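Enquirer: Just model_10.cif, nothing more (mmCIF, C-alpha atoms):
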```cif
data_coords
#
loop_
_atom_site.label_atom_id
_atom_site.label_comp_id
_atom_site.auth_asym_id
_atom_site.auth_seq_id
_atom_site.Cartn_x
_atom_site.Cartn_y
_atom_site.Cartn_z
CA MET A 175 -56.81 -87.60 -45.99
CA THR A 176 -57.55 -91.24 -46.91
CA GLU A 177 -58.49 -94.00 -44.54
CA GLN A 178 -55.19 -95.76 -45.19
CA GLN A 179 -53.26 -92.70 -44.05
CA GLN A 180 -55.20 -92.70 -40.78
CA ASN A 181 -54.55 -96.37 -40.13
CA PRO A 182 -52.75 -96.68 -36.79
CA PRO A 183 -49.76 -99.03 -36.59
CA LYS A 184 -50.65 -102.60 -35.69
CA ASP A 185 -50.52 -103.00 -31.91
CA GLU A 186 -49.19 -106.53 -31.66
CA ALA A 187 -48.67 -106.38 -27.90
CA MET A 188 -52.28 -105.40 -27.33
CA GLU A 189 -53.48 -108.14 -29.67
CA ARG A 190 -51.32 -110.74 -27.90
CA LEU A 191 -52.65 -109.69 -24.51
CA LEU A 192 -56.27 -109.91 -25.70
CA THR A 193 -55.66 -113.23 -27.43
CA SER A 194 -54.05 -114.76 -24.34
CA VAL A 195 -56.75 -113.54 -21.99
CA SER A 196 -59.58 -114.60 -24.32
CA GLU A 197 -58.11 -118.08 -24.84
CA GLU A 198 -57.80 -118.64 -21.11
CA TRP A 199 -61.24 -117.15 -20.58
CA THR A 200 -62.78 -119.46 -23.17
CA ARG A 201 -61.07 -122.54 -21.72
CA GLU A 202 -62.35 -121.66 -18.25
CA SER A 203 -65.85 -120.88 -19.42
CA ALA A 204 -66.43 -124.12 -21.31
CA PRO A 205 -69.47 -125.89 -19.88
CA ALA A 206 -68.36 -128.55 -17.41
CA ASP A 207 -70.83 -130.99 -18.88
CA ARG A 208 -70.92 -130.74 -22.68
CA SER A 209 -73.56 -133.41 -23.06
CA ALA A 210 -75.91 -131.68 -20.61
CA PHE A 211 -75.44 -128.38 -22.47
CA LEU A 212 -76.28 -130.01 -25.79
CA ALA A 213 -79.25 -131.83 -24.29
CA ARG A 214 -80.64 -128.53 -22.99
CA VAL A 215 -80.29 -126.88 -26.38
CA ARG A 216 -81.95 -129.89 -28.00
CA ALA A 217 -84.81 -129.72 -25.49
CA GLY A 218 -85.24 -125.99 -26.23
CA MET A 219 -85.37 -126.67 -29.97
CA THR A 220 -88.49 -128.77 -29.54
CA GLU A 221 -90.31 -126.35 -27.26
CA VAL A 222 -92.95 -124.00 -28.60
CA PRO A 223 -91.68 -120.39 -28.45
CA SER A 224 -93.24 -118.53 -25.55
CA ARG A 225 -93.75 -115.40 -27.64
CA PRO A 226 -95.44 -115.31 -31.01
CA GLN A 227 -93.41 -113.84 -33.85
CA PRO A 228 -94.18 -110.14 -34.51
CA VAL A 229 -96.51 -109.54 -37.40
CA ALA A 230 -96.60 -106.26 -39.33
CA VAL A 231 -100.14 -104.85 -39.20
CA ARG A 232 -101.81 -101.53 -39.60
CA PRO A 233 -102.16 -99.66 -36.24
CA ARG A 234 -105.97 -99.71 -36.09
CA HIS A 235 -105.96 -103.47 -36.31
CA ARG A 236 -103.35 -104.02 -33.66
CA VAL A 237 -105.57 -103.91 -30.58
CA VAL A 238 -108.13 -106.30 -32.01
CA LEU A 239 -105.50 -108.68 -33.28
CA ALA A 240 -103.55 -108.53 -30.02
CA MET A 241 -106.69 -109.40 -28.04
CA ALA A 242 -107.53 -112.24 -30.39
CA ALA A 243 -103.97 -113.54 -30.28
CA ALA A 244 -103.88 -113.33 -26.48
CA ALA A 245 -107.17 -115.21 -26.22
CA ALA A 246 -106.00 -117.88 -28.65
CA LEU A 247 -102.69 -118.25 -26.86
CA ALA A 248 -104.37 -118.50 -23.46
CA ALA A 249 -106.76 -121.16 -24.80
CA ALA A 250 -103.91 -123.12 -26.34
CA LEU A 251 -101.82 -122.96 -23.19
CA THR A 252 -104.76 -123.98 -21.01
CA ALA A 253 -105.53 -126.92 -23.27
CA ALA A 254 -101.91 -127.98 -23.26
CA PHE A 255 -101.74 -127.63 -19.48
CA LEU A 256 -104.85 -129.71 -18.95
CA ALA A 257 -103.93 -132.31 -21.53
CA ARG A 258 -100.82 -133.58 -19.83
CA PRO A 259 -99.14 -133.60 -16.44
CA ARG A 260 -96.74 -130.78 -15.72
CA ALA A 261 -93.26 -131.62 -16.95
CA ASP A 262 -90.86 -131.16 -14.08
CA GLY A 263 -87.77 -132.60 -15.65
CA THR A 264 -86.02 -134.05 -18.65
CA LEU A 265 -84.25 -137.27 -19.40
CA LEU A 266 -80.66 -136.45 -20.31
CA TYR A 267 -79.14 -139.86 -20.74
CA ALA A 268 -80.38 -143.43 -20.53
CA GLU A 269 -78.36 -146.60 -20.54
CA PRO A 270 -80.01 -149.70 -21.99
CA GLY A 271 -82.61 -150.88 -19.52
CA PHE A 272 -83.20 -147.50 -17.88
CA ALA A 273 -86.93 -146.82 -17.83
CA VAL A 274 -88.40 -143.36 -17.29
CA PRO A 275 -90.76 -141.11 -19.24
CA GLU A 276 -88.80 -138.76 -21.50
CA ARG A 277 -90.54 -135.76 -20.02
CA VAL A 278 -90.45 -136.38 -16.33
CA ALA A 279 -93.57 -135.32 -14.45
CA ALA A 280 -94.44 -135.63 -10.78
CA GLY A 281 -95.19 -139.27 -10.05
CA ALA A 282 -92.81 -140.60 -12.70
CA VAL A 283 -90.77 -143.59 -11.68
CA ALA A 284 -87.18 -143.96 -12.84
CA ASP A 285 -86.33 -147.63 -12.84
CA ALA A 286 -82.62 -148.32 -13.26
CA ALA A 287 -82.84 -152.03 -12.52
CA ALA A 288 -80.86 -152.91 -15.64
CA GLY A 289 -79.04 -149.66 -16.46
CA GLY A 290 -78.50 -146.18 -15.03
CA GLY A 291 -79.40 -142.76 -16.34
CA MET A 292 -79.25 -139.01 -15.84
CA LEU A 293 -82.17 -136.64 -15.30
CA GLU A 294 -82.63 -132.93 -14.85
CA LEU A 295 -85.32 -131.48 -12.62
CA ASP A 296 -86.84 -128.12 -11.83
CA ALA A 297 -85.78 -125.86 -14.68
CA ARG A 298 -82.34 -127.43 -14.95
CA ARG A 299 -81.19 -126.63 -11.42
CA VAL A 300 -80.97 -130.25 -10.27
CA LEU A 301 -78.92 -132.91 -12.03
CA LEU A 302 -79.45 -136.52 -10.93
CA HIS A 303 -77.30 -139.57 -11.71
CA LEU A 304 -79.07 -142.81 -10.90
CA ASN A 305 -76.86 -145.87 -10.72
CA THR A 306 -77.71 -149.28 -12.10
CA GLY A 307 -79.83 -151.24 -9.66
CA SER A 308 -81.69 -148.19 -8.35
CA ARG A 309 -85.31 -147.14 -8.29
CA MET A 310 -86.52 -143.59 -7.73
CA ARG A 311 -89.84 -141.76 -7.90
CA VAL A 312 -90.21 -138.07 -8.68
CA GLU A 313 -92.55 -136.69 -6.00
CA ALA A 314 -92.41 -133.09 -7.20
CA LYS A 315 -90.02 -130.93 -9.14
CA ASP A 316 -87.92 -130.50 -6.01
CA VAL A 317 -88.49 -133.78 -4.16
CA VAL A 318 -87.52 -137.32 -5.13
CA TYR A 319 -87.95 -140.59 -3.29
CA LEU A 320 -85.05 -143.02 -3.58
CA GLU A 321 -86.43 -146.45 -2.86
CA LYS A 322 -83.19 -148.32 -3.40
CA GLY A 323 -79.78 -147.97 -5.00
CA GLU A 324 -77.47 -145.00 -5.43
CA LEU A 325 -78.15 -141.44 -6.46
CA TRP A 326 -75.56 -138.71 -7.06
CA THR A 327 -77.03 -135.24 -7.08
CA THR A 328 -75.79 -131.81 -8.15
CA VAL A 329 -77.94 -128.85 -7.15
CA ARG A 330 -77.19 -125.41 -8.53
CA SER A 331 -75.62 -123.38 -5.76
CA GLY A 332 -77.98 -121.02 -3.97
CA SER A 333 -80.98 -122.18 -6.00
CA GLY A 334 -83.17 -123.17 -3.07
CA PHE A 335 -84.89 -126.25 -1.73
CA PHE A 336 -84.35 -129.80 -2.90
CA GLN A 337 -84.97 -132.99 -0.98
CA VAL A 338 -84.20 -136.68 -1.37
CA ARG A 339 -86.43 -138.93 0.71
CA THR A 340 -85.56 -142.53 1.49
CA PRO A 341 -87.34 -145.29 3.43
CA GLN A 342 -85.32 -144.30 6.50
CA GLY A 343 -85.23 -140.50 6.37
CA SER A 344 -84.62 -137.49 4.20
CA VAL A 345 -81.77 -135.34 2.93
CA THR A 346 -82.49 -131.65 2.42
CA VAL A 347 -80.18 -129.66 0.26
CA HIS A 348 -78.76 -126.21 0.70
CA GLY A 349 -77.05 -125.92 -2.71
CA THR A 350 -74.67 -128.79 -3.07
CA GLU A 351 -73.32 -131.98 -4.61
CA PHE A 352 -73.97 -135.15 -2.71
CA GLY A 353 -74.71 -138.85 -2.90
CA VAL A 354 -77.40 -140.98 -1.32
CA ALA A 355 -77.27 -144.76 -1.18
CA VAL A 356 -80.13 -146.91 0.04
CA GLY A 357 -79.03 -150.40 1.00
CA ASP A 358 -80.42 -153.17 3.09
CA GLY A 359 -82.35 -151.27 5.73
CA HIS A 360 -80.13 -148.21 5.81
CA THR A 361 -79.41 -144.95 4.02
CA ALA A 362 -75.91 -143.53 3.62
CA VAL A 363 -75.13 -139.96 2.58
CA SER A 364 -71.83 -138.50 1.38
CA LEU A 365 -71.34 -134.80 0.73
CA LEU A 366 -68.90 -133.20 -1.69
CA ASN A 367 -69.88 -129.49 -1.74
CA GLY A 368 -72.26 -127.20 0.14
CA SER A 369 -74.28 -128.59 3.02
CA VAL A 370 -77.22 -130.92 3.57
CA SER A 371 -79.48 -131.76 6.48
CA PHE A 372 -79.86 -135.52 6.91
CA THR A 373 -82.88 -136.30 9.02
CA GLY A 374 -84.29 -139.46 10.62
CA PRO A 375 -87.50 -139.93 12.60
CA GLY A 376 -85.94 -138.57 15.80
CA GLY A 377 -83.71 -135.77 14.55
CA GLY A 378 -80.98 -134.93 12.10
CA VAL A 379 -77.45 -133.81 11.47
CA THR A 380 -75.99 -131.19 9.16
CA LEU A 381 -73.19 -132.45 6.96
CA GLN A 382 -70.23 -130.37 5.84
CA PRO A 383 -68.18 -130.99 2.69
CA GLY A 384 -66.37 -134.34 2.91
CA ASP A 385 -68.71 -135.73 5.59
CA ARG A 386 -70.44 -139.10 5.46
CA ALA A 387 -73.33 -140.27 7.64
CA ALA A 388 -75.63 -143.28 7.78
CA LEU A 389 -79.10 -143.94 9.12
CA ALA A 390 -80.21 -147.47 9.90
CA ALA A 391 -83.83 -148.58 9.99
CA GLY A 392 -85.21 -148.38 13.52
CA THR A 393 -82.70 -145.79 14.73
CA PRO A 394 -83.79 -142.24 15.48
CA ARG A 395 -81.08 -140.21 13.81
CA PRO A 396 -78.10 -140.51 11.47
CA VAL A 397 -74.60 -141.03 12.79
CA ALA A 398 -71.30 -139.89 11.32
CA GLU A 399 -69.35 -142.51 9.42
CA ALA A 400 -65.60 -142.95 9.61
CA GLY A 401 -63.51 -143.24 6.49
CA ALA A 402 -61.85 -141.05 3.91
CA PRO A 403 -63.69 -137.78 3.31
CA THR A 404 -65.69 -137.45 0.12
CA ALA A 405 -63.34 -135.73 -2.31
CA ALA A 406 -64.97 -136.40 -5.68
CA PRO A 407 -68.12 -137.80 -7.22
CA PRO A 408 -68.14 -141.61 -7.14
CA ALA A 409 -66.46 -143.44 -10.00
CA TRP A 410 -69.78 -144.77 -11.27
CA ALA A 411 -71.22 -141.25 -11.63
CA LEU A 412 -68.10 -139.96 -13.43
CA ALA A 413 -68.16 -142.98 -15.73
CA MET A 414 -71.84 -142.36 -16.43
CA ARG A 415 -71.11 -138.74 -17.38
CA SER A 416 -68.37 -139.93 -19.70
CA ARG A 417 -70.68 -142.47 -21.35
CA ALA A 418 -73.38 -139.80 -21.66
CA ALA A 419 -70.90 -137.45 -23.36
CA SER A 420 -69.85 -140.21 -25.78
CA ALA A 421 -73.45 -141.09 -26.54
CA GLU A 422 -74.29 -137.43 -27.11
CA ALA A 423 -71.29 -136.95 -29.40
CA ALA A 424 -72.23 -140.06 -31.37
CA ARG A 425 -75.60 -138.50 -32.14
CA TYR A 426 -73.94 -135.65 -33.99
CA TYR A 427 -70.92 -137.45 -35.40
CA PRO A 428 -72.31 -140.81 -36.47
CA SER A 429 -69.29 -141.44 -38.68
CA GLY A 430 -67.05 -141.16 -35.64
CA ARG A 431 -65.54 -137.85 -36.71
CA PRO A 432 -64.22 -136.14 -33.59
CA ALA A 433 -65.38 -132.64 -32.72
CA ALA A 434 -62.89 -130.34 -34.41
CA ALA A 435 -61.50 -127.49 -32.40
CA GLU A 436 -62.62 -124.10 -33.56
CA PRO A 437 -59.90 -122.61 -35.76
CA ARG A 438 -58.16 -119.45 -34.65
CA PRO A 439 -59.41 -116.41 -36.50
CA MET B 1002 -67.69 -123.69 -40.54
CA ASP B 1003 -68.08 -125.59 -43.79
CA ASP B 1004 -70.80 -124.69 -46.26
CA ASP B 1005 -72.32 -128.16 -46.20
CA THR B 1006 -72.93 -128.16 -42.43
CA PHE B 1007 -74.41 -124.69 -42.67
CA ALA B 1008 -76.65 -125.68 -45.59
CA ARG B 1009 -77.93 -128.69 -43.67
CA PHE B 1010 -78.58 -126.49 -40.63
CA ARG B 1011 -80.51 -124.02 -42.80
CA ALA B 1012 -82.52 -126.89 -44.21
CA GLY B 1013 -83.55 -127.93 -40.68
CA ASP B 1014 -81.09 -130.74 -40.04
CA GLU B 1015 -81.03 -130.98 -36.25
CA ARG B 1016 -77.87 -133.04 -36.22
CA ALA B 1017 -75.95 -130.48 -38.25
CA PHE B 1018 -77.08 -127.72 -35.92
CA LEU B 1019 -76.10 -129.61 -32.79
CA ALA B 1020 -72.67 -130.23 -34.31
CA ILE B 1021 -72.39 -126.45 -34.71
CA VAL B 1022 -73.54 -125.94 -31.12
CA ASP B 1023 -70.98 -128.43 -29.89
CA ARG B 1024 -68.22 -126.66 -31.74
CA LEU B 1025 -69.19 -123.15 -30.62
CA GLN B 1026 -70.45 -123.75 -27.10
CA ALA B 1027 -67.27 -122.88 -25.17
CA ARG B 1028 -66.69 -119.68 -27.13
CA THR B 1029 -70.34 -118.67 -26.84
CA VAL B 1030 -70.54 -119.23 -23.08
CA ALA B 1031 -67.27 -117.36 -22.64
CA PHE B 1032 -68.63 -114.46 -24.68
CA ALA B 1033 -71.84 -114.37 -22.63
CA ARG B 1034 -69.85 -114.45 -19.41
CA LEU B 1035 -68.20 -111.18 -20.37
CA PHE B 1036 -71.56 -109.54 -19.81
CA THR B 1037 -73.17 -111.68 -17.10
CA HIS B 1038 -70.03 -112.17 -14.97
CA GLN B 1039 -71.59 -115.43 -13.84
CA ARG B 1040 -70.96 -118.82 -15.34
CA GLU B 1041 -74.44 -120.28 -14.86
CA THR B 1042 -76.25 -117.27 -16.24
CA ALA B 1043 -73.82 -117.25 -19.16
CA GLU B 1044 -74.66 -120.87 -19.98
CA ASP B 1045 -78.36 -120.03 -19.86
CA ALA B 1046 -77.84 -117.04 -22.17
CA ALA B 1047 -75.80 -119.11 -24.62
CA GLN B 1048 -78.42 -121.86 -24.68
CA GLU B 1049 -81.20 -119.35 -25.27
CA ALA B 1050 -79.24 -117.82 -28.14
CA PHE B 1051 -78.60 -121.21 -29.74
CA VAL B 1052 -82.28 -122.11 -29.52
CA GLU B 1053 -83.19 -118.76 -31.07
CA ALA B 1054 -80.65 -119.34 -33.85
CA TRP B 1055 -82.38 -122.63 -34.61
CA ARG B 1056 -85.81 -121.01 -34.70
CA GLN B 1057 -84.66 -118.13 -36.86
CA ARG B 1058 -82.27 -120.05 -39.08
CA SER B 1059 -84.04 -118.82 -42.21
CA ARG B 1060 -82.86 -115.29 -41.36
CA ILE B 1061 -79.18 -116.26 -41.30
CA ASP B 1062 -77.96 -115.97 -44.84
CA GLY B 1063 -74.61 -117.73 -44.86
CA PRO B 1064 -71.93 -119.35 -42.75
CA ALA B 1065 -70.11 -116.05 -42.32
CA GLN B 1066 -73.23 -114.49 -40.78
CA LEU B 1067 -73.89 -117.19 -38.19
CA ARG B 1068 -71.32 -116.29 -35.55
CA PRO B 1069 -71.84 -112.50 -35.73
CA TRP B 1070 -75.61 -113.11 -35.56
CA LEU B 1071 -75.20 -115.48 -32.63
CA PHE B 1072 -72.81 -113.33 -30.62
CA THR B 1073 -74.89 -110.21 -31.16
CA LEU B 1074 -77.88 -112.08 -29.76
CA VAL B 1075 -75.84 -113.53 -26.90
CA ARG B 1076 -74.73 -110.04 -25.94
CA ARG B 1077 -78.32 -108.81 -25.93
CA ILE B 1078 -79.61 -111.74 -23.85
CA ALA B 1079 -76.66 -111.64 -21.45
CA GLY B 1080 -77.02 -107.87 -21.07
CA ARG B 1081 -80.71 -108.27 -20.32
CA GLU B 1082 -79.95 -110.91 -17.67
CA ALA B 1083 -77.21 -108.77 -16.12
CA ALA B 1084 -79.56 -105.77 -15.95
CA ARG B 1085 -82.27 -107.90 -14.39
CA ARG B 1086 -79.86 -109.15 -11.78
CA GLN B 1087 -78.67 -105.64 -11.06
CA ARG B 1088 -82.25 -104.51 -10.57
CA ARG B 1089 -82.66 -107.25 -8.00
CA ALA B 1090 -79.54 -105.88 -6.27
CA GLU B 1091 -77.89 -109.25 -6.42
CA PHE B 1092 -74.16 -109.28 -6.60
CA SER B 1093 -71.86 -111.44 -8.56
CA LEU B 1094 -69.99 -113.91 -6.42
CA GLU B 1095 -67.36 -114.22 -9.11
CA ASP B 1096 -66.80 -110.48 -9.13
CA GLU B 1097 -66.61 -110.40 -5.39
CA VAL B 1098 -64.12 -113.25 -5.22
CA LEU B 1099 -62.10 -111.69 -8.00
CA GLU B 1100 -61.91 -108.40 -6.15
CA ALA B 1101 -60.89 -110.05 -2.91
CA ALA B 1102 -58.32 -112.31 -4.50
CA ALA B 1103 -56.72 -109.77 -6.79
CA PRO B 1104 -53.36 -108.55 -5.54
CA PRO B 1105 -52.22 -104.99 -6.25
CA VAL B 1106 -50.60 -104.45 -9.63
CA GLU B 1107 -46.86 -104.22 -9.62
CA ALA B 1108 -44.78 -103.37 -12.63
CA THR B 1109 -42.59 -106.39 -12.02
CA GLN B 1110 -45.48 -108.82 -11.84
CA ARG B 1111 -44.71 -110.57 -15.11
CA ASP B 1112 -46.38 -113.85 -14.22
CA GLY B 1113 -49.71 -112.17 -13.77
CA LEU B 1114 -50.95 -112.16 -17.35
CA LEU B 1115 -54.05 -114.13 -16.59
CA ASP B 1116 -54.55 -113.22 -12.96
CA GLY B 1117 -57.68 -111.59 -11.66
CA GLN B 1118 -56.22 -108.11 -11.52
CA VAL B 1119 -55.32 -107.95 -15.21
CA ARG B 1120 -58.70 -109.31 -16.15
CA ARG B 1121 -60.43 -106.83 -13.92
CA LEU B 1122 -58.51 -103.92 -15.42
CA LEU B 1123 -59.13 -105.21 -18.92
CA SER B 1124 -62.82 -105.63 -18.20
CA ARG B 1125 -63.00 -102.11 -16.79
CA ALA B 1126 -61.13 -100.69 -19.78
CA LEU B 1127 -63.46 -102.49 -22.20
CA GLU B 1128 -66.48 -101.12 -20.39
CA ALA B 1129 -65.03 -97.61 -20.66
CA LEU B 1130 -64.75 -97.82 -24.46
CA PRO B 1131 -67.46 -96.31 -26.66
CA PRO B 1132 -69.94 -99.11 -27.54
CA PRO B 1133 -68.86 -99.45 -31.21
CA ASP B 1134 -65.22 -99.92 -30.18
CA ARG B 1135 -66.14 -102.31 -27.39
CA ASP B 1136 -68.30 -104.38 -29.74
CA LEU B 1137 -65.57 -104.61 -32.32
CA VAL B 1138 -62.88 -105.68 -29.85
CA THR B 1139 -65.06 -108.23 -28.05
CA LEU B 1140 -66.39 -109.73 -31.28
CA ARG B 1141 -62.87 -109.97 -32.72
CA PHE B 1142 -61.00 -111.36 -29.74
CA PHE B 1143 -63.59 -112.96 -27.43
CA GLY B 1144 -66.05 -113.98 -30.14
CA GLY B 1145 -63.14 -115.11 -32.31
CA LEU B 1146 -64.57 -113.50 -35.46
CA GLY B 1147 -62.26 -113.08 -38.43
CA ILE B 1148 -61.87 -109.83 -40.35
CA ARG B 1149 -64.01 -111.23 -43.17
CA GLU B 1150 -66.87 -112.08 -40.83
CA LEU B 1151 -66.64 -108.64 -39.23
CA SER B 1152 -66.57 -107.06 -42.68
CA GLU B 1153 -69.81 -108.80 -43.67
CA HIS B 1154 -71.38 -108.14 -40.28
CA LEU B 1155 -70.56 -104.42 -40.33
CA GLY B 1156 -71.13 -103.99 -44.06
CA MET B 1157 -67.77 -102.36 -44.69
CA PRO B 1158 -64.62 -103.34 -46.60
CA MET B 1159 -62.13 -105.55 -44.83
CA GLY B 1160 -59.49 -102.79 -44.96
CA SER B 1161 -61.81 -100.42 -43.13
CA VAL B 1162 -62.47 -103.05 -40.47
CA GLY B 1163 -58.71 -103.27 -39.90
CA VAL B 1164 -58.47 -99.49 -39.53
CA LYS B 1165 -61.40 -99.35 -37.12
CA LEU B 1166 -60.01 -102.22 -35.09
CA GLY B 1167 -56.62 -100.53 -34.87
CA ARG B 1168 -58.24 -97.37 -33.54
CA SER B 1169 -60.30 -99.33 -31.02
CA LEU B 1170 -57.16 -101.07 -29.75
CA GLU B 1171 -55.44 -97.70 -29.44
CA LYS B 1172 -58.26 -96.49 -27.21
CA LEU B 1173 -58.15 -99.68 -25.19
CA ARG B 1174 -54.39 -99.31 -24.65
CA ARG B 1175 -54.85 -95.73 -23.49
CA GLU B 1176 -57.56 -96.85 -21.06
CA LEU B 1177 -55.38 -99.59 -19.63
CA GLU B 1178 -52.39 -97.32 -19.31
CA SER B 1179 -54.50 -94.68 -17.57
CA GLN B 1180 -55.23 -97.37 -14.96
CA GLY B 1181 -51.52 -97.95 -14.46
CA LEU B 1182 -51.22 -101.14 -16.50
CA SER B 1183 -48.25 -101.37 -18.81
CA ILE B 1184 -49.18 -104.05 -21.31
CA GLU B 1185 -45.64 -105.08 -22.11
CA ASP B 1186 -45.07 -105.98 -18.44
CA PHE B 1187 -47.76 -108.61 -18.62
CA LEU B 1188 -46.83 -110.38 -21.83
CA PRO B 1189 -45.22 -113.79 -21.52
#
```
Would you mind writing the structure in this file as C-alpha cells?
Expert:
Amino acid sequence: MTEQQQNPPKDEAMERLLTSVSEEWTRESAPADRSAFLARVRAGMTEVPSRPQPVAVRPRHRVVLAMAAAAALAAALTAAFLARPRADGTLLYAEPGFAVPERVAAGAVADAAAGGGMLELDARRVLLHLNTGSRMRVEAKDVVYLEKGELWTTVRSGSGFFQVRTPQGSVTVHGTEFGVAVGDGHTAVSLLNGSVSFTGPGGGVTLQPGDRAALAAGTPRPVAEAGAPTAAPPAWALAMRSRAASAEAARYYPSGRPAAAEPRP
Amino acid sequence: MDDDTFARFRAGDERAFLAIVDRLQARTVAFARLFTHQRETAEDAAQEAFVEAWRQRSRIDGPAQLRPWLFTLVRRIAGREAARRQRRAEFSLEDEVLEAAAPPVEATQRDGLLDGQVRRLLSRALEALPPPDRDLVTLRFFGGLGIRELSEHLGMPMGSVGVKLGRSLEKLRRELESQGLSIEDFLP
C-alpha cells in the first residue's frame, strides 16, 4: 500500500478550529511592551554566554581540560566582577537630555532634568518610567530614591521586595503598578494594581488598587487623597512607552518601513 | 522571511536580526506559552531562544530553517522552565483561573470557540498525543510553519508531511471527541 493510499481526508473543521485558537492565542500572548522585549533581546546579544561551547575531546583529556576551563572561567569572572560595579539594571529608553549610565549599577543617578527615560532593574522584574524634571538614584537593585519628580513603576507580580524612597517616606511594593510623585515638600502615591505600603516617619498606610495618598513634610503618616481612583498609568508614562516603541522600531527600520505582519502559512 | 534579511542576520547584522525578532516575537511567545502556561515565563523563554539563535546563527543554514530551529529551541527551554516550576510545586495562576472560569461544555455552546473550556480540552488533547504528532501539530498551527518548512525540518517530502499531519489531526479529533467535544459545534 502506498503512502498516498493511506492519506486521510483533509480535516478542514479541525484545521479551522486550530487556526482560530492559535490566532487568538498569538494575539493574546504578544508582549505588552514590544520595545522592552526587543531591548532585552538586544541586551542578551551583547552578554557573554554563561556556558562555554562544548568541545569534542578524547575522554582521557576531559577531566584535565574541564579543570583548566573551570579555573580560567572562574578567574575571568572574578576579574570581571572586580573590574566594575555590579550591574543592577539596564537603560531601555532615553529621551534627549536623560542622563544615566547605560548599565545601571547601585549608586547610579538618573537625571531626567531635560528629558525622561525608562529603566529596568533587578533581572527585568522592575520597570521604571521617569518623567521629565525628575531625579532618581539607584540605591540597590531593589531600592531607588526619588529625589524629585514623577516615577511610574511596574513590578512583576509576586516577584518580591521593591521600594521607592523619597525625602518624606517610602513606598514598599507587594507586586504592583504604581506612581510616586515628589513635589514641593510632599510625596504623592497612586496605585493601579496590587498593593503598596506607604510609610512616613510615624507610621504608614496600605493602599489598594485605585487608591491615592499623600505625605507632607513634617507630618507623621500619609493620608488618603480624594479624587478619581487611579484607573490607568498616567498619560506621560503611556506617551513615553509609545515614544520608546517608535524609537526602538526606528532602529530596525531606518527607512521607515513598517513592521510587516507575519504571513499566514 | 526574505533571503536578504536572513543573509544579513547570518553575516552578523544586529539590525537585521532584531527586525526578525520583532516580526516573530508574538508567535514565539505564544508558542512558548503552550508549554509554560505562564506569560512571563514564556517571554523569558522566547528571549532566551532569540539570544541563542543570534549566538548560533552560523548553524542555521537558510531562512526555511530559522523558525523550525527557533521553535524547537523554545519548546526545549519552555519545557525545562515548566519542569523546574513543577519541581518547586508552584502552580500556574493562569491554569487555576482558567479552571475556575471555565463553564461546563454544552453542545449548544456555539459562541465558545475561544473560551477557556475549549482551550483546556484542546490543550489536554494535545498533551495526550504521541510526541511526534504533538510536535507536528503545534509547529504547524501554533508555530505557523508552512509545509515546506516542516518538510525541510523533518527531512521528508512535502507530500509525506501532509500525510503525517492528516494522521496527527485524526488522532487529535479522536482525543477531543473522547472528551465530549464535538468540533463542529464550536466553529463560527
Enquirer: Pick out the residues sitting within 10 Å of B:Pro1069, and hand them over as a list in words; count only C-alpha atoms, and ignore anything fewer than 4 positions along from it in its own chain.
Expert: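 Within the cut-off, the hits are Ile1061, Pro1064, Ala1065, Thr1073, Leu1074, Val1075, Leu1140, Arg1141, Gly1144, Gly1145, Leu1146, Gly1147, Glu1150, Leu1151, Glu1153, His1154 and Leu1155 of chain B.
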Enquirer: Could you tell me which residues the PyMOL selection byres ((chain B and resi 1045) around 10) grabs in this file, written as a short mmCIF file (atom, residue, chain, number, x, y, z; two decimals) with C-alpha atoms, in the coordinates of the input?
Expert:
```
data_model
loop_
_atom_site.label_atom_id
_atom_site.label_comp_id
_atom_site.auth_asym_id
_atom_site.auth_seq_id
_atom_site.Cartn_x
_atom_site.Cartn_y
_atom_site.Cartn_z
CA PHE A 211 -75.44 -128.38 -22.47
CA ARG A 214 -80.64 -128.53 -22.99
CA VAL A 215 -80.29 -126.88 -26.38
CA ARG A 298 -82.34 -127.43 -14.95
CA VAL B 1030 -70.54 -119.23 -23.08
CA ALA B 1033 -71.84 -114.37 -22.63
CA ARG B 1040 -70.96 -118.82 -15.34
CA GLU B 1041 -74.44 -120.28 -14.86
CA THR B 1042 -76.25 -117.27 -16.24
CA ALA B 1043 -73.82 -117.25 -19.16
CA GLU B 1044 -74.66 -120.87 -19.98
CA ALA B 1046 -77.84 -117.04 -22.17
CA ALA B 1047 -75.80 -119.11 -24.62
CA GLN B 1048 -78.42 -121.86 -24.68
CA GLU B 1049 -81.20 -119.35 -25.27
CA ALA B 1050 -79.24 -117.82 -28.14
CA PHE B 1051 -78.60 -121.21 -29.74
CA VAL B 1075 -75.84 -113.53 -26.90
CA ILE B 1078 -79.61 -111.74 -23.85
CA ALA B 1079 -76.66 -111.64 -21.45
CA GLU B 1082 -79.95 -110.91 -17.67
#
```
Enquirer: One decimal, in Å: what's the spacing between atom CA of B:Glu1185 and atom CA of B:Ala1126?
Expert: 16.3 Å
Enquirer: Using all atoms listed in the file, which of the listed residues (B:Arg1011, B:Arg1168, B:Arg1060, B:Arg1125) sits closest to chain A?
Expert: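 Comparing B:Arg1011, B:Arg1168, B:Arg1060, B:Arg1125 against chain A, the winner is B:Arg1168.
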Enquirer: Report the residues retrieved by the PyMOL selection byres ((chain A and resi 286-292) around 9) from the displayed file, expressed as an NGL selection string.
Expert: :A and (264-274 or 284-285 or 293-294 or 301-310 or 323 or 414-415 or 418)
Enquirer: Which residues, named as in the file, does the PyMOL selection byres ((chain B and resi 1123) around 12) pick out? Answer as a PyMOL selection string.
Expert: (chain A and resi 188+191-192+195-196) or (chain B and resi 1035+1114-1122+1124-1130+1135+1138-1139+1170+1173-1184+1187)
Enquirer: Using all atoms listed in the file, which residues sit within 9 Å of B:Gly1063 once same-chain residues fewer than 6 positions away are excluded, as an MDAnalysis selection string?
Expert: chainID B and resid 1004 1007:1008 1011
Enquirer: Output C-alpha atoms for every residue in that selection, as a compact mmCIF listing (two decimals), in the coordinates of the input.
Expert:
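Final output, saved to result.txt:
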```
# COMPACT_ATOMS: atom_id res chain seq x y z
CA ASP B 1004 -70.80 -124.69 -46.26
CA PHE B 1007 -74.41 -124.69 -42.67
CA ALA B 1008 -76.65 -125.68 -45.59
CA ARG B 1011 -80.51 -124.02 -42.80
```
Enquirer: Would you mind listing what lies within 10 Å of A:Gln382 as a PyMOL selection string, with only C-alpha atoms counted and same-chain residues fewer than 6 positions away left out?
Expert: chain A and resi 364-371
